[in-house]
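Down below is the structure, laid out as structure tokens.
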Amino acid sequence: MEAWTLYLVIFFMNGEAVMFENNKKFLTKQACYQEGSTKSIELLEQTVAIIGIPAKGSFSCQEVGLDV
């Protein structure tokens, strides 16, 4: 049985970046991508509001146990 992990990456306009790993594991890649499409927007908006530096974000889903 495969499991999927959601990774969110935020790229700041000052050249810095941060990667978040979601603790929740998903049974399907589709479920992971559905969560990523909503979580990535929420996290990006919250982070930019708190830090105040413009940023872009992306997400990916990887099988548990594979290197990111």
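Going by the structure tokens order, chains are called A, B, ..., each with residues numbered from 1, while ligands are numbered from 1 in the order shown.
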
request  = Extract, using only C-alpha atoms, all DNA, RNA and protein residues at most 8 Å from A:Met19, discarding same-chain residues fewer than 5 positions from it, and format them as a list of chain:residue names.
outcome  =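 Contacts, in chain order: A:Tyr7, A:Leu8, A:Val9, A:Ile10.
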
Could you dump the residues just selected with C-alpha atoms as a short mmCIF file (atom, residue, chain, number, x, y, z; two decimals), in the first residue's frame?
data_model
loop_
_atom_site.label_atom_id
_atom_site.label_comp_id
_atom_site.auth_asym_id
_atom_site.auth_seq_id
_atom_site.Cartn_x
_atom_site.Cartn_y
_atom_site.Cartn_z
CA TYR A 7 5.32 19.22 0.52
CA LEU A 8 4.74 22.97 0.25
CA VAL A 9 7.49 25.35 -0.89
CA ILE A 10 7.37 29.14 -0.58
#

Leaving out stretch 33-40 of chain A and any residue of its chain fewer than 2 positions from it, which residues lie within 8 Å of it when counting only C-alpha atoms, given as a tab-separated table (two decimals) with N, CA and C atoms, in the first residue's frame?
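Output saved as out_10.tsv:
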chain	number	residue	atom	x	y	z
A	6	LEU	N	2.56	15.44	1.41
A	6	LEU	CA	2.42	16.75	0.76
A	6	LEU	C	3.56	17.67	1.21
A	8	LEU	N	5.05	21.62	0.70
A	8	LEU	CA	4.74	22.97	0.25
A	8	LEU	C	6.02	23.79	0.28
A	29	LYS	N	-2.52	9.53	-4.50
A	29	LYS	CA	-1.86	10.73	-5.02
A	29	LYS	C	-2.90	11.81	-5.28
A	30	GLN	N	-4.07	11.42	-5.76
A	30	GLN	CA	-5.14	12.38	-6.05
A	30	GLN	C	-5.57	13.10	-4.78
A	31	ALA	N	-5.73	12.39	-3.68
A	31	ALA	CA	-6.11	13.02	-2.41
A	31	ALA	C	-5.05	14.00	-1.94
A	42	GLU	N	-3.76	28.72	1.08
A	42	GLU	CA	-3.96	29.22	2.45
A	42	GLU	C	-2.62	29.53	3.13
A	43	LEU	N	-1.68	28.60	3.03
A	43	LEU	CA	-0.38	28.79	3.67
A	43	LEU	C	0.38	29.96	3.07
A	44	LEU	N	0.34	30.10	1.76
A	44	LEU	CA	1.02	31.21	1.10
A	44	LEU	C	0.44	32.54	1.56
A	57	GLY	N	4.34	30.34	-4.34
A	57	GLY	CA	4.38	29.02	-3.72
A	57	GLY	C	4.09	27.91	-4.70
A	58	SER	N	4.48	26.72	-4.32
A	58	SER	CA	4.15	25.53	-5.09
A	58	SER	C	4.08	24.35	-4.14
A	59	PHE	N	3.54	23.25	-4.63
A	59	PHE	CA	3.46	22.05	-3.81
A	59	PHE	C	3.74	20.84	-4.67
A	60	SER	N	4.10	19.76	-3.99
A	60	SER	CA	4.28	18.49	-4.68
A	60	SER	C	3.89	17.37	-3.73
A	61	CYS	N	3.57	16.24	-4.31
A	61	CYS	CA	3.24	15.05	-3.53
A	61	CYS	C	4.26	13.97	-3.87

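Here atom CA of A:Phe26 stands at a distance of 18.8 Å from atom CA of A:Ile41.
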
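Going from atom CA of A:Glu2 to atom CA of A:Phe20 covers 20.8 Å.
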
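Here atom CA of A:Lys25 is placed at a distance of 10.1 Å from atom CA of A:Gln62.
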
Please identify which residues in chain A DSSP calls strand (DSSP E or B) from the backbone, and express them as a PyMOL selection string. chain A and resi 4-12+17-26+55-63

Only C-alpha atoms, please: the residues just picked out, written as a PDB file, in the first residue's frame.
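result-v2.pdb, written as the output of this step:
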ATOM      1  CA  TRP A   4       1.760  10.108  -0.110  1.00  0.00           C
ATOM      2  CA  THR A   5       3.230  13.139   1.649  1.00  0.00           C
ATOM      3  CA  LEU A   6       2.423  16.752   0.760  1.00  0.00           C
ATOM      4  CA  TYR A   7       5.319  19.223   0.524  1.00  0.00           C
ATOM      5  CA  LEU A   8       4.742  22.968   0.246  1.00  0.00           C
ATOM      6  CA  VAL A   9       7.493  25.347  -0.886  1.00  0.00           C
ATOM      7  CA  ILE A  10       7.371  29.137  -0.576  1.00  0.00           C
ATOM      8  CA  PHE A  11       9.810  31.259  -2.594  1.00  0.00           C
ATOM      9  CA  PHE A  12      10.274  34.792  -1.262  1.00  0.00           C
ATOM     10  CA  ALA A  17      12.754  29.796   0.346  1.00  0.00           C
ATOM     11  CA  VAL A  18      11.133  27.559   2.921  1.00  0.00           C
ATOM     12  CA  MET A  19       9.722  24.039   2.587  1.00  0.00           C
ATOM     13  CA  PHE A  20       6.965  22.584   4.748  1.00  0.00           C
ATOM     14  CA  GLU A  21       6.126  18.896   5.089  1.00  0.00           C
ATOM     15  CA  ASN A  22       2.521  18.081   5.948  1.00  0.00           C
ATOM     16  CA  ASN A  23       2.314  15.519   8.768  1.00  0.00           C
ATOM     17  CA  LYS A  24      -0.834  13.997   7.298  1.00  0.00           C
ATOM     18  CA  LYS A  25      -0.270  11.059   4.947  1.00  0.00           C
ATOM     19  CA  PHE A  26      -2.623  10.387   2.038  1.00  0.00           C
ATOM     20  CA  ALA A  55       6.237  35.339  -2.362  1.00  0.00           C
ATOM     21  CA  LYS A  56       5.153  32.571  -4.708  1.00  0.00           C
ATOM     22  CA  GLY A  57       4.384  29.023  -3.721  1.00  0.00           C
ATOM     23  CA  SER A  58       4.153  25.532  -5.095  1.00  0.00           C
ATOM     24  CA  PHE A  59       3.465  22.051  -3.806  1.00  0.00           C
ATOM     25  CA  SER A  60       4.277  18.487  -4.676  1.00  0.00           C
ATOM     26  CA  CYS A  61       3.237  15.053  -3.534  1.00  0.00           C
ATOM     27  CA  GLN A  62       5.826  12.327  -3.023  1.00  0.00           C
ATOM     28  CA  GLU A  63       5.502   8.692  -2.092  1.00  0.00           C
TER      29      GLU A  63
END

Please extract the residues of chain A with a backbone DSSP assignment of alpha helix (DSSP H) and present them as a list in words.
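Answer for chain A, restricted to alpha helix (DSSP H): Lys29, Gln30, Ala31, Cys32, Tyr33, Gln34, Glu35, Gly36, Ser37, Thr38, Lys39, Ser40, Ile41, Glu42, Leu43, Leu44, Glu45, Gln46, Thr47, Val48, Ala49, Ile50 and Ile51 of chain A.
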